[in-house]
Structure formats: structure tokens, C-alpha cells
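First up is the structure itself, then whatever we jot down about it.
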Amino acid sequence: MGQALARAKQGTSTTGSASGKLEYNSVNEQLLNSIIRFIEGYSAKHPDEAKVIFKSALVWETDLQPSDFADDNYEKSGVELISKEKTKDDVPLLRMRPRGEKYEISVMTTEQAETVLRVAGDKKMREVRACCEATKDPMANMLGDRFANVDGEYMSTYRYMDEIMKEGSCEETDEKKAALKLLLHLQAFDNDMLNQLIKQMEQNIRLTPNDVENKVAILKKYCGEDEEKFVLEKLAYNENHNTVFSNGCRAPPWRQFHGDIAYIDVKPYDCDDLLVTASTSGYYCTEGMDKDSNQLKFERVGDIYRDLDVLLRDKSPKFAEMIDKQDFALHIEERDPNYIDTAADLDVDHDGETTARDQQHSRLQQYTDDPQKPQQKGTKSQKKKKLEPSLKWKNLGLEDRDVDKEETGKGTKKADSPGRRRLRHRISRQKTPLDVEDSFSESSTESEEEEEAPDRRNEANSDLPSEYWQIQKLVKYLKGGNQTATIIALCSMRDFNLAQETCQLAIRDVGGLEVLINLLDTTDIKCQIGSLKILKEISKNTQIRRSIADLGGLQTMVNILEDENKELKCLAAETIANVAKFRRARRTVRQHKGIKRLVGLLDCGASVTSKEVTKEMEKDIDVARCGALALWSCSKSTKNKQAMRKAGAIPLLARLLKSQHEDMLIPVVGTLQECASESSYRLAIRTEGMIEDLVENLKSSENQELQMHCASAVFKCAEEQETRDLVRQHGGLDPLAKLLTNKDNKELLAAATGAIWKCAISPENVLRFQELKAIDLLVNLLNDQPEEVLVNVVGALGECARDPPNRMAIRKSGGIPPLVNLLTGTNQALLVNVTKAVGQCAEEPDNMVIIDKLDGVRLLWSLLKNQNPDVQASAAWAICPCIENAKEAGEMVRSFVGGLELIVGLLKSEHREVLASVCAAIANIAKDEENLAVITDHGVVPMLARLTNTVDDRLRQHLAEAIARCCSWGNNRVAFGQAKAVAPLVKYLKSTDDAVHRSTARALFQLSKDPDNCITMHEAGVVKPLMEMVGASDEVLQEAAAGCIGNIRRLALANEKAKFS
């Protein structure tokens, strides 16, 4: 257990005396189950080793109570429970003592640990988890520090064996021999666990498009016509499928759905041509091209290989022979030392937040501008790049310049002024370790398309407009003029159209940015204001804002935020809002205490709500607006959100939300909807009364941008029941439904449909949507909309369809066909929602007729092959009502080739939601006798039996129902008993869920028709809970419980009769 626990278990932290809390994942679950299997029954197999006393006790916090230990081997000693068995030093082998509201338990032998697991019953997994979390190295506790888990050569076992051999035969030697056997058992178990985990990891490794591209590129180097020199005659991608999609795949999208990546034509020297499919699961051969239709046959022929080399070795002996003669391996390419991997130089700073927002914005905007315009594909970035000097610093005007002598004595800007020296110091200093560490801890979900923005330089002077040269002349005046000339130059520069890119780049190309930023260090207010006004305009350009950040302009502007001049603060905040569009800029603002200063700008007192506004109040309001704009840009970072909350931004934003000024409300609501991705902000938005203000702005404002941000904030906040109730109580559902008519504004539509989707989770809100006829409006949006809108629309229809009248409304509005058509898509979130919506609609028999005619059930079944477990689970849930309400459902299911084998195979899934949904589907499939016979042949009985030890009530309910249905065929009930599925089912009766009781009682009733199962149930204590359930109000539960007890009683009477006869 030493190596496996130290290296394999995955915890939430790796500091302190233990390894932190164990994550709830498949690796840890497999590890804990292995430990349980090892400990249970150990004392029966190895009685002497089980009694070996540990060097130090295993101690952990338990959920058990002293009353659980009803054995005579334990006694109470004050408030403690101790075992009667003790060590030579009179220490109990098991001790339970109070620790706060719970108890702390300590065990000194493996035998006592086994007793604890036996007493824990269903909670044994929790006990083992707590023990592993509390114990850093179990081997050291059990056998001493000499056997602790260490790296390097491990000689402790051999030395211990040597000690035993040198000692004579005595009682102490016998104890050491038992301890040695325990050690060897633990080490063998440890190796088994590590081997299992390695196998699991190997199975989870999947091919990616990059892997395929690299492999094909390498093998192409060894292809040619010379048989004595090359390994293959030809290797290339299939001509019919040579288009590279955005995800790197060459397979058509509908085949990518099945895991296909690319199709490779291979021409060996010694065998027929091969057509190899590269999929996420590996490489395999297909039948080739259909001569009649000239279409590719996608069916697999033969085995799947993990590597293309292995496949070719198996198919072509010539390839295997020649590849071994190569002078160097295929997997290793010699690299030129003058080349570097550009991937290593990328900024890996993860800004973990709502990046999806900016990507969605760009996609929706593109769709709105020209939905028919295809996206231009970007060229592939080279994998290797020659290391060359960069000219960017020169172009930014940062190189050492020879300044004319007459410039040195003029105005406020000297060549070696303090401001210029500080600027040079900021540029030249290197990143500290703290900066580097913080850059990797940043988390923004924002798209970094700005990182790839081309650095456009004006190559041909003849093409440049006259404004370019005029601005460059003004920049020269800025560099060399006195104070008056500087101000005149700044004013003249503002007369140009600074929104034009040519003018912006003209300022940059001649080194004007450095001068403008240097002016911010002066004490002249007019120069500072003029400089900031220009920087505010030109910082809307992607390249300019990056240059400003590189030159240290953000630090200077953050300092200006504390200036007394309100106009200066406004301009600085607005410029920060423009520059902080990318991660590094946002991080710089936070690191230089800019978040706290920006939050301070929001405090404008009562000016924002005052009816009579003076000029001074207007200035305060403008300062707050600019501060909100800057915070909006900065709020795309998780750390910035936390810094804003700590700086007290929430109550200030709540006050500004009551403003009547739309130019104030837009940045405030924009900031709130960005921050609403954090649970702490959602709670504050609800408790501070901001939901009412958001709804009021939805109702009263005609500004679509403001409406979009308000709806987006409601979308994110409506995850909680309380928020959904508040939206309804304040009349927010009506304006949301009204926004569905704005089909032209895709961003507004996406926000409104998202808010409706989340609000529709509450049945009370669905009733209001019915009155507003929102169903018809939503159905009308199922066509010709971007995926961001469709995900929300289908999600809303799925929630509304839980109410029977709405299912009819969806059908009458013509919503069934477009929903079924969406089942062929590839967007995973959309597939999850559309399967749920189709499943809800299938609850209505009339809807099911339409779904069946449109081949919807087959499409749902095909989604079971999807790699996303959420899609698999949602599809399986949707299949259940389809089978229940379809005419001739049994025949329909059998018509799907390989469908029954596919759904039985999903019982091997590691995801509980998938298992629960598949069990529910199997319970419906098993209603048909022929289908039940088929799934029995596919091994459904042992697979269901394997799941019976679960503690998840949702899975228990549907698993028990599936077992009950499967018992009606052949010897299945006997097979369940042989697979040890009966005793775990008895434990389900302890659940607090009535649905679990009902399905479990039905399963036990069916199983009790076998005598051996009756004996197992009786031994597991089934009679007492069933007797209580006989008096339940649920008639199905009553009947099943009584039937099970009757079968047990009849068996007992038969045995008694046999004794006397």
C-alpha cells in the first residue's frame, strides 16, 4: 500500500502530515475498493498475520458510533469504547473516543481493521477513505519507520529477513516472521494495485490529430520507389477526405462523431494497398473504396492497433524487415540546436474565467454581420522557429536615440529627465520569480485572439496617406518642443481621426507612444490630460494596447487614479479599460494595486441617485462610470474578481445599479454579469437586492446592450431556486419572453434564451411562460440560429416539456421535427439538451409517433456511442420514454443492428449517471421477452450484479428495477444469486428513498422465487424491513414485500415439513 497510496492516489493538496482530501474520481475509487477487498477476509486466510500488532495505530475520524459495536469483545471505558484484547503494554487493539461531534477510532491490527469494515457496512468506503486521508504512509504505521515508503533502492525487507535468519527460534522470532509475512502480503498487494492502475491509464490514452499528423509526417520520409532503401512505396492521406477542419481532423464531421480522425492510403511493396482509419481509439483497416459510388467504406476490418507502425508490421513483412534496418528510430528526430520549439515560449498563463464569453461574442457578431460568410482559416503555425533577433523594440521607439543638443534644455521633457529614467528602468527590468509564479496562477477564460494579431508594418511608403507623415512631424515636435509647443502638438494631433489605424500606427512607428507615456510622469496637468486623451483613443487598437503595456504605461496610469483631478482620473480609468483586454494587462493592474483604486472610484456618494445633479456631482458620476468600465475589463480574471470583492466592490456596484443613466448602467451590469460566474457574487447579487434592479432595467430600458447584460446576469444567477423566485416575483419573466422577438440581435437572443432556460427549472415559472405563449416563440427559434442560441432554446424547451400541456404545445407548434434534426449535430452541450427535450416530448404518445417516423429513436441510440458521458447518459434517459410509448417497441429495438450489445456494454462505464440511465433503459428493454433473451446472451446478468455494491440511491433504484425485469427469463434469478447480487440488494432497504424501496422490493420478490436466494435474503436480515414495508401506503411496495416474505415463509415450511416427514 505504500507506493500505491503515495503515487497513485489523487488528493486535493500535497502538504502537511497527510495528503489532503482524496478527490472523488475513478482512480481513487478503484484504489479504495482494492483496499477493501484486501482487508475483508484477510483474517480468515492469514490468521497469524492478521493479529500482528502495528508499531503505531491507524487513527482517523469515523462516522461510526460506539453502539454499532454490539460484540462482546468490546466494552465501554468512560466515554470511550475499547476492545478487550490488548497489547503487552495494555493498549487496546481498538479504541473509539469522542472528537468534537464525531468519534476518533484507532486500530492496532489488521483483524480489528477488518472488524471496523464489517461494522461499517455501506459506509466502509467512507471509513477507508478517511483512514487514507489521515495516514500519510500506512506501511510505516503498521510495521515501523524502517519500512516507510522511500525513493531509490529498497533494502529494508532483505535486512529484516537477515535478522530473522540470524536469530534462533523463539517467541520474538515467530512474531517477526508473522510481521514479515504481513509485509510480503502488503507488498504483493501494492504491486497488484499499481499494475491495475497502469493498465487503466494505458486504456485511457487516446490518439489526437497531432499524434496522427506527426506519425504520418515521419513515415512519409521513408516512402519511395526504391525497395532497397525505403519501407513503403507510398503513404498519403485519402484524397476524398483531405480537408483539415479547425480541430485538426480530416474525417468528415459526421464520422468525427464516431471518433474518426483521418484516412490514410498505404501502398506497401509486398501486399495489397491498405486504407487505414486513424481514430481516437487507434488505427485499423477498412474495406476501402466502393467502386460503384466511389465512396469510402467505413466499416472496420480486423483488429485495432495502438500504433501505425504495429499495424504495418502486421500487414507487411517487407515493412517489418526494412524498418528494422533503418539507422535511427522513427519516434526520434534529431533537432537542429539553432531551432527552438515555439510552443515552449507561449504564454501559458491560464486566466480561468469566462473565456467562452468573448469567443461567443465574436462568433455571434460574425453571424449577425454575415451568416453566409465563411470563416477564413488561419495558416498553421510552424512547430519550429529559427531563433532570430526581434525588431519590435526598435519599431516601438525604445532603442537608444541621439537627441539633438538643443532638445536637452527645452520644456518639461529632457533626454535624461527623471520620468524618462524611470521608464527605461521599467522596460529593462526582468520579471521577478513572484511575477512568473503569478503569471501561471492567473485564470481567464477569455479568448486570446489578440495574442495572434498580426504586427502590421507599412512597407511601401508610396501607399501611405498624408496624415501618416503629418502625425510623424507632430511627434517630432512632441519630442523636441517646449511646454507650449508640446500642448499645441497634442491639440493638433487630436484633430486627426485617431480611430483610423493609419494614424494610430503612425504614432507608434515613430516612437510617439514612449513620448506620450513619458508625458504622464510630468507635473503639468494639461500635458497629462492631452496625452491621456490621445492614448484613450489609440488604445482601442490591439497592437497599440500591447505596446502601452510593454512600455510600462499601465503602472503610471494606475498611479494617476489617486490624483485629485477628476478629469485625469476619468481618462486614466478609460484608458485602462481599453488596455486591460488581455491577461498580462489585467495581471499588471492587479499587481500594482489598481483594483483597489478602481473600486475606490465607484464611491460617488448619493450623486448617482440624486434628482438634482450639480456639475460637481456630474464629475463624480463620470469618475464612477469610468471606474466601472475599467473594472469590467479587469473582471475577466478570477483573481481580479476576488480582489474586487475584498476591496468592497459589491455594495458600491449595488448602489450604482440604481442609477438612471444608461451609460453608467451598461458597465456596471457588464461587470456584474462577468462576476456572476462566482458563487460568492451570485449570493451577493441576490441578498443585496440587485435582482429587482436587473429586472427593472429589463422592463424599462430600450437599450439592447443593457438588456443583453441584464439577461446574461439573470442567466448566470438563476442557478439558485431563490433567484428564480425573485425574478418571477419582480415580474422579470414577461420582459424575457418579450425579448425572444429580437431575432436580429444574436447576442441579446442568446442571453434572453439562457435566462429563460434557467428560470424554467422552476415549475411556477413554467406556468407563467405558458401564459405568455413563450413555447411558440422558442419553437420558432429552432431554425437558422447560431449554436449559442440553440443550446439555450433547446434547454428551455426541455425544462418546459416536463409539464404535459407544453409537450402538446411543442407538437402543435411544429417543434418535434427540428428537435429531432438537431440530434445529428456535434456540439456536446447542444446534444445534452436536445436529447433531454426529445425524451420529455416522447412522454406523449402522439409526439412519439412523430419521433418514430423521423427515425429519432435510432439517432438517440447512435448517441450512446458518443465519447461524452453526459451525452451518453442524456441519450439513455431519452430512450426510456421512447420504448415505453412506442408501438411495437420490442421490434423497434431489435431493428437496431448491434444496439442491444451497445447498451449492455455501457454497464462497464465509470460514470454513475451513465450507469443509472442505462439501467433504466435496460429495465424498459427487458419488458420484451425476445430482447431480454438477447441481452442475457450479451452478459447483462453479471454486469448488473457487479454494480449492486453501489451507495448511490439513483443508481440503486434503476439497477433494482432492471434486476427485477431480468429475473423473468430462464435461470437469470439463479445467476443473480450465484453472482452474489442478493445480499447487497437487502441493504438497499435501509435507504431513505421510497422509490429505492419500491424497486428493491420488486427485485427481491422476483429473486425469492429461487430457494437459494431465499436463504441468502434471510441470512442478510431481509424479513424485518420487509415486514415494516407491508404496511406502507404504496400498493406496489406492499404487494412486492408481502410476496417476498411469502416465498421465504413457504420455503421455511417446506423445510420443516421435510424434517418431520
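By convention in this document, the chains of the C-alpha cells carry letters A, B, ... by their order, each chain's residues are numbered from 1, and ligands are numbered from 1 in the order they are shown.
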
Residues near stretch 733-745 of chain A, anyone? I mean within 9 Å using only C-alpha atoms, not counting same-chain ones fewer than 5 positions away, as a list of chain:residue names.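 With the cut-off at 9 Å, the set is A:Leu364, A:Gln365, A:Thr368, A:Val695, A:Leu698, A:Lys699, A:Gln704, A:Gln707, A:Ala711, A:Val727, A:Arg728, A:Ala750, A:Ala752, A:Thr753, A:Ala755, A:Ile756, A:Cys759, A:Asn765, A:Arg768, A:Phe769, A:Leu772, A:Lys773, A:Ala774, A:Leu777, A:Leu778, A:Leu781, A:Gln785.
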
Find the residues around stretch 843-858 of chain A up to 7 Å (only C-alpha atoms counted), leave out those fewer than 3 positions away in its own chain, and share them as a PyMOL selection string. chain A and resi 807+811+820+839-840+861-862+879+881-882+885-886

Select from stretch 828-875 of chain A everything DSSP, run on the backbone, classes as helix (DSSP H, G or I), then give the selection as a PyMOL selection string. chain A and resi 828-841+845-853+856-865+869-875

Report, in Å with one decimal, the straight-line distance from atom CA of A:Ala572 to atom CA of A:Trp632.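 Answer for the atom CA of A:Ala572 to atom CA of A:Trp632 separation: 14.6 Å.
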
Distance atom CA of A:Gly970-atom CA of A:Gln1038, one decimal place?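 Answer for the atom CA of A:Gly970 to atom CA of A:Gln1038 separation: 26.2 Å.
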